[in-house]
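Note sheet for the following structure.
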Amino acid sequence: MEHILLDFSSIEQNLKNYTFKNKGVLAIEIDKIIGSLGRYFDFTENLLPKRDVLTTRYERIKKIMTEGGILPPIQVYQILDNYFIIDGHHRVAIAKNELNAKYIDADVTEVQFNFELSPNTKYIFGSESTKNFLIKLEAYSFEKSTYLNNNILIKPLTVTELKSYATLNQEIEDFKKQYNKGELSRKSKIYSSYTWYAQIFLPAVNLIEKEDILSKFPHRTYTDLYVWIQRHKYFLSQQAGHDVGFDYTAQDFAEKFKNKKLFNIIPPIFKDLLKHLVK
């Protein structure tokens with residue numbers, strides 16, 4: 001199936017608070033153009049025009065550009081390091097596919113947003129591409145909130161499911177509250193985030209890798225597994241009446257999965273989640 005450009009409106013409807021800032025005309029990387037404001041269906045994700053878009057106008061613009069003519073800058077919205085075309089679809093398609101250009105001049109309007117990280121957030125999306133871009137926005141907001149920068153972490157925090165970053169962010173907040181009478185409460189958010197990472201997350205990931213649990217879940221990450229196992233730990237702890245610990249939960253999970261009896265040990269609310277993880 002041929003994928004089309006990402007629809008800007010599918011992202012916009014998930015941004016509750018945002019503003020625009022004009023950055024003027026800049027040379028932008030064509031490979032970072034991933035979507036369109038209105039004509040997303042007319043071009044593939046590789047910016048190849050559909051056959052019915054190859055109009056006389058397209059050919060006229062192609063002639064001007066291939067002969068070295070000057071055209072106005074395209075117009076784009078910028079979200080993080082990606083761009084959505086407002087005006088200039090033909091110019092971008094020709095620059096990329098006919099001229100093999102790497103950059104194109106664009107009048108850039110940056111979309112600045114406040115992305116609420118909450119496990120209760122209800123997202124609206126209709127494609128895997130949209131979901132993945134929303135995860136990217138969550139990742140940006142998570143790093144901004146926690147200062148946990150994947151570029152410097154021993155084990156980067158990468159996920160494949162929406163709301164996972166919100167869950168991790170809430171866990172860090174809860175972790176800090178547990179020490180509200182101790183030294184941690186007098187430290188900054190960055191201190192509590194990295195303490196959680198070192199004392200809670202890394203040992204858990206080491207266990208996941210030691211038990212080779214991740215091999216049972218193709219296309220998922222150890223952070224995905226960490227989030228799910230923490231949820232499962234909550235369920236087991238509720239059953240037992242005390243905190244059963246991550247080690248026990250992970251080993252229980254690995255053993256039950258190995259014996260193909262995993263769906264017998266989790267409540268209905270988590271069964272759909274696990275089906276989605278292993279599909």
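Chain lettering (A, B, ...) mirrors the order of the structure tokens, residue numbering begins at 1 for each chain separately, and ligand numbering begins at 1 in order of display.
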Backbone DSSP call of strand (DSSP E or B) for segment 73-138 of chain A, listed as a count of residues only: 24
Can you check which parts of segment 15-36 of chain A lie within 12 Å of segment 120-143 of chain A? Per residue, the shortest pair of atoms and distance in Å to one decimal, counting only C-alpha atoms, sorted by chain and number, as a tab-separated table.
```
residue	atom	partner	partner_atom	distance
A:Leu15	CA	A:Tyr123	CA	9.6
A:Lys16	CA	A:Thr121	CA	10.9
A:Ile34	CA	A:Ser129	CA	9.6
A:Gly35	CA	A:Thr130	CA	9.9
```
All residues 10 Å or closer to Lys102 of chain A, only C-alpha atoms, same chain fewer than 6 positions away omitted, as a list of chain:residue names: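 In the requested format, the answer is A:Ala27, A:Ile28, A:Glu29, A:Ile30, A:Asp31, A:Lys32, A:Ala95, A:Lys96.
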Nearby residues (only C-alpha atoms) at most 10 Å from segment 59-70 of chain A, same-chain spacing under 5 positions excluded, as a VMD selection string: chain A and resid 54 90 to 91 93 to 95 98 to 99
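Using only C-alpha atoms, the contacts of Lys155 of chain A at a cut-off of 12 Å, with sequence neighbours closer than 2 positions omitted, comprise A:Leu148, A:Asn149, A:Asn150, A:Asn151, A:Ile152, A:Leu153, A:Leu157, A:Thr158, A:Tyr197, A:Ala198, A:Phe201, A:Leu202, A:Pro203, A:Ala204, A:Val205, A:Asn206, A:Glu209, A:Thr221, A:Tyr222, A:Thr223.
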Using the selection just defined, write its residues with N, CA, C and O atoms as an mmCIF file, in the first residue's frame.
```cif
data_model
loop_
_atom_site.group_PDB
_atom_site.id
_atom_site.type_symbol
_atom_site.label_atom_id
_atom_site.label_comp_id
_atom_site.auth_asym_id
_atom_site.auth_seq_id
_atom_site.Cartn_x
_atom_site.Cartn_y
_atom_site.Cartn_z
ATOM 1 N N LEU A 148 15.510 13.962 30.759
ATOM 2 C CA LEU A 148 16.128 12.698 30.388
ATOM 3 C C LEU A 148 16.354 12.696 28.875
ATOM 4 O O LEU A 148 15.449 12.403 28.092
ATOM 5 N N ASN A 149 17.568 13.007 28.484
ATOM 6 C CA ASN A 149 17.919 13.159 27.079
ATOM 7 C C ASN A 149 18.446 11.833 26.522
ATOM 8 O O ASN A 149 19.469 11.325 26.975
ATOM 9 N N ASN A 150 17.747 11.291 25.550
ATOM 10 C CA ASN A 150 18.136 9.991 24.999
ATOM 11 C C ASN A 150 19.523 9.989 24.376
ATOM 12 O O ASN A 150 20.140 8.930 24.242
ATOM 13 N N ASN A 151 20.011 11.151 24.000
ATOM 14 C CA ASN A 151 21.333 11.223 23.381
ATOM 15 C C ASN A 151 22.462 10.917 24.363
ATOM 16 O O ASN A 151 23.579 10.585 23.949
ATOM 17 N N ILE A 152 22.171 11.027 25.657
ATOM 18 C CA ILE A 152 23.222 10.789 26.651
ATOM 19 C C ILE A 152 22.915 9.619 27.582
ATOM 20 O O ILE A 152 23.752 9.253 28.400
ATOM 21 N N LEU A 153 21.738 9.022 27.460
ATOM 22 C CA LEU A 153 21.371 7.908 28.332
ATOM 23 C C LEU A 153 22.042 6.613 27.876
ATOM 24 O O LEU A 153 22.159 6.346 26.674
ATOM 25 N N LEU A 157 15.273 5.857 26.303
ATOM 26 C CA LEU A 157 13.875 5.589 26.601
ATOM 27 C C LEU A 157 13.067 5.760 25.319
ATOM 28 O O LEU A 157 12.630 6.858 24.979
ATOM 29 N N THR A 158 12.883 4.672 24.586
ATOM 30 C CA THR A 158 12.128 4.716 23.341
ATOM 31 C C THR A 158 10.932 3.774 23.437
ATOM 32 O O THR A 158 11.041 2.674 23.983
ATOM 33 N N TYR A 197 15.891 7.027 37.065
ATOM 34 C CA TYR A 197 16.474 6.297 35.938
ATOM 35 C C TYR A 197 17.541 5.308 36.416
ATOM 36 O O TYR A 197 17.572 4.148 35.984
ATOM 37 N N ALA A 198 18.393 5.759 37.327
ATOM 38 C CA ALA A 198 19.499 4.932 37.807
ATOM 39 C C ALA A 198 19.033 3.844 38.782
ATOM 40 O O ALA A 198 19.505 2.703 38.726
ATOM 41 N N PHE A 201 14.735 2.343 36.753
ATOM 42 C CA PHE A 201 14.618 1.916 35.354
ATOM 43 C C PHE A 201 15.762 1.009 34.903
ATOM 44 O O PHE A 201 15.523 -0.065 34.351
ATOM 45 N N LEU A 202 16.998 1.424 35.111
ATOM 46 C CA LEU A 202 18.134 0.638 34.625
ATOM 47 C C LEU A 202 18.175 -0.783 35.198
ATOM 48 O O LEU A 202 18.372 -1.750 34.444
ATOM 49 N N PRO A 203 17.998 -0.961 36.522
ATOM 50 C CA PRO A 203 17.987 -2.336 37.041
ATOM 51 C C PRO A 203 16.874 -3.183 36.418
ATOM 52 O O PRO A 203 17.066 -4.377 36.170
ATOM 53 N N ALA A 204 15.716 -2.549 36.168
ATOM 54 C CA ALA A 204 14.603 -3.283 35.558
ATOM 55 C C ALA A 204 14.939 -3.706 34.139
ATOM 56 O O ALA A 204 14.665 -4.845 33.735
ATOM 57 N N VAL A 205 15.550 -2.809 33.382
ATOM 58 C CA VAL A 205 15.925 -3.132 32.002
ATOM 59 C C VAL A 205 16.987 -4.227 31.981
ATOM 60 O O VAL A 205 16.953 -5.134 31.134
ATOM 61 N N ASN A 206 17.912 -4.169 32.902
ATOM 62 C CA ASN A 206 18.936 -5.222 32.990
ATOM 63 C C ASN A 206 18.293 -6.591 33.219
ATOM 64 O O ASN A 206 18.731 -7.603 32.664
ATOM 65 N N GLU A 209 16.581 -7.788 30.019
ATOM 66 C CA GLU A 209 17.573 -8.315 29.081
ATOM 67 C C GLU A 209 18.129 -9.657 29.554
ATOM 68 O O GLU A 209 18.348 -10.568 28.753
ATOM 69 N N THR A 221 10.220 -2.405 22.283
ATOM 70 C CA THR A 221 11.447 -1.981 22.961
ATOM 71 C C THR A 221 11.417 -2.413 24.422
ATOM 72 O O THR A 221 10.359 -2.752 24.973
ATOM 73 N N TYR A 222 12.599 -2.377 25.063
ATOM 74 C CA TYR A 222 12.627 -2.731 26.483
ATOM 75 C C TYR A 222 11.836 -1.728 27.312
ATOM 76 O O TYR A 222 11.323 -2.070 28.375
ATOM 77 N N THR A 223 11.702 -0.488 26.829
ATOM 78 C CA THR A 223 10.879 0.482 27.550
ATOM 79 C C THR A 223 9.409 0.117 27.457
ATOM 80 O O THR A 223 8.654 0.269 28.431
#
```
Two-atom distance - atom CA of Trp196 of chain A, atom CA of Asn169 of chain A (Å):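 Atom-to-atom, atom CA of Trp196 of chain A to atom CA of Asn169 of chain A, that is 10.5 Å.
Checking A:Ala101, A:Ile33, A:Leu162, A:Val111 one by one against Asn17 of chain A, counting only C-alpha atoms, you find the shortest gap at A:Val111.
DSSP, applied to the backbone of this structure, assigns helix (DSSP H, G or I) to the following residues of segment 109-141 of chain A: Glu128, Ser129, Thr130, Lys131, Asn132, Phe133, Leu134, Ile135, Lys136, Leu137, Glu138, Ala139, Tyr140 and Ser141 of chain A.
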Test item: residues at most 8 Å from Thr167 of chain A, only C-alpha atoms, excluding those fewer than 5 positions along its chain, as a list in words: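 Contacts, with the query itself left out: Ser118, Pro119 and Val227 of chain A.
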Can you spit out the residues from that selection as a short mmCIF file (atom, residue, chain, number, x, y, z; two decimals), in the first residue's frame, using N, CA, C and O atoms?
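Saved the output as result-v2.cif:
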```cif
data_model
loop_
_atom_site.label_atom_id
_atom_site.label_comp_id
_atom_site.auth_asym_id
_atom_site.auth_seq_id
_atom_site.Cartn_x
_atom_site.Cartn_y
_atom_site.Cartn_z
N SER A 118 -0.32 13.03 29.94
CA SER A 118 -1.24 12.41 30.88
C SER A 118 -1.66 11.04 30.36
O SER A 118 -2.00 10.91 29.17
N PRO A 119 -1.63 10.02 31.22
CA PRO A 119 -2.09 8.69 30.79
C PRO A 119 -3.56 8.69 30.40
O PRO A 119 -4.04 7.75 29.76
N VAL A 227 7.10 -0.62 30.84
CA VAL A 227 5.81 0.00 31.14
C VAL A 227 4.76 -1.06 31.39
O VAL A 227 3.99 -0.98 32.35
#
```
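Our summary of the geometry notes that atom CA of Tyr103 of chain A is positioned 13.6 Å from atom CA of Gln75 of chain A.
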Selection near Asp7 of chain A, 6 Å with only C-alpha atoms, sequence-local residues under 2 positions removed, as a VMD selection string: chain A and resid 9 to 10 35 to 36 40
Length of the atom CA of Trp228 of chain A to atom CA of Ile172 of chain A vector [Å]: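 A separation of 15.7 Å between them.
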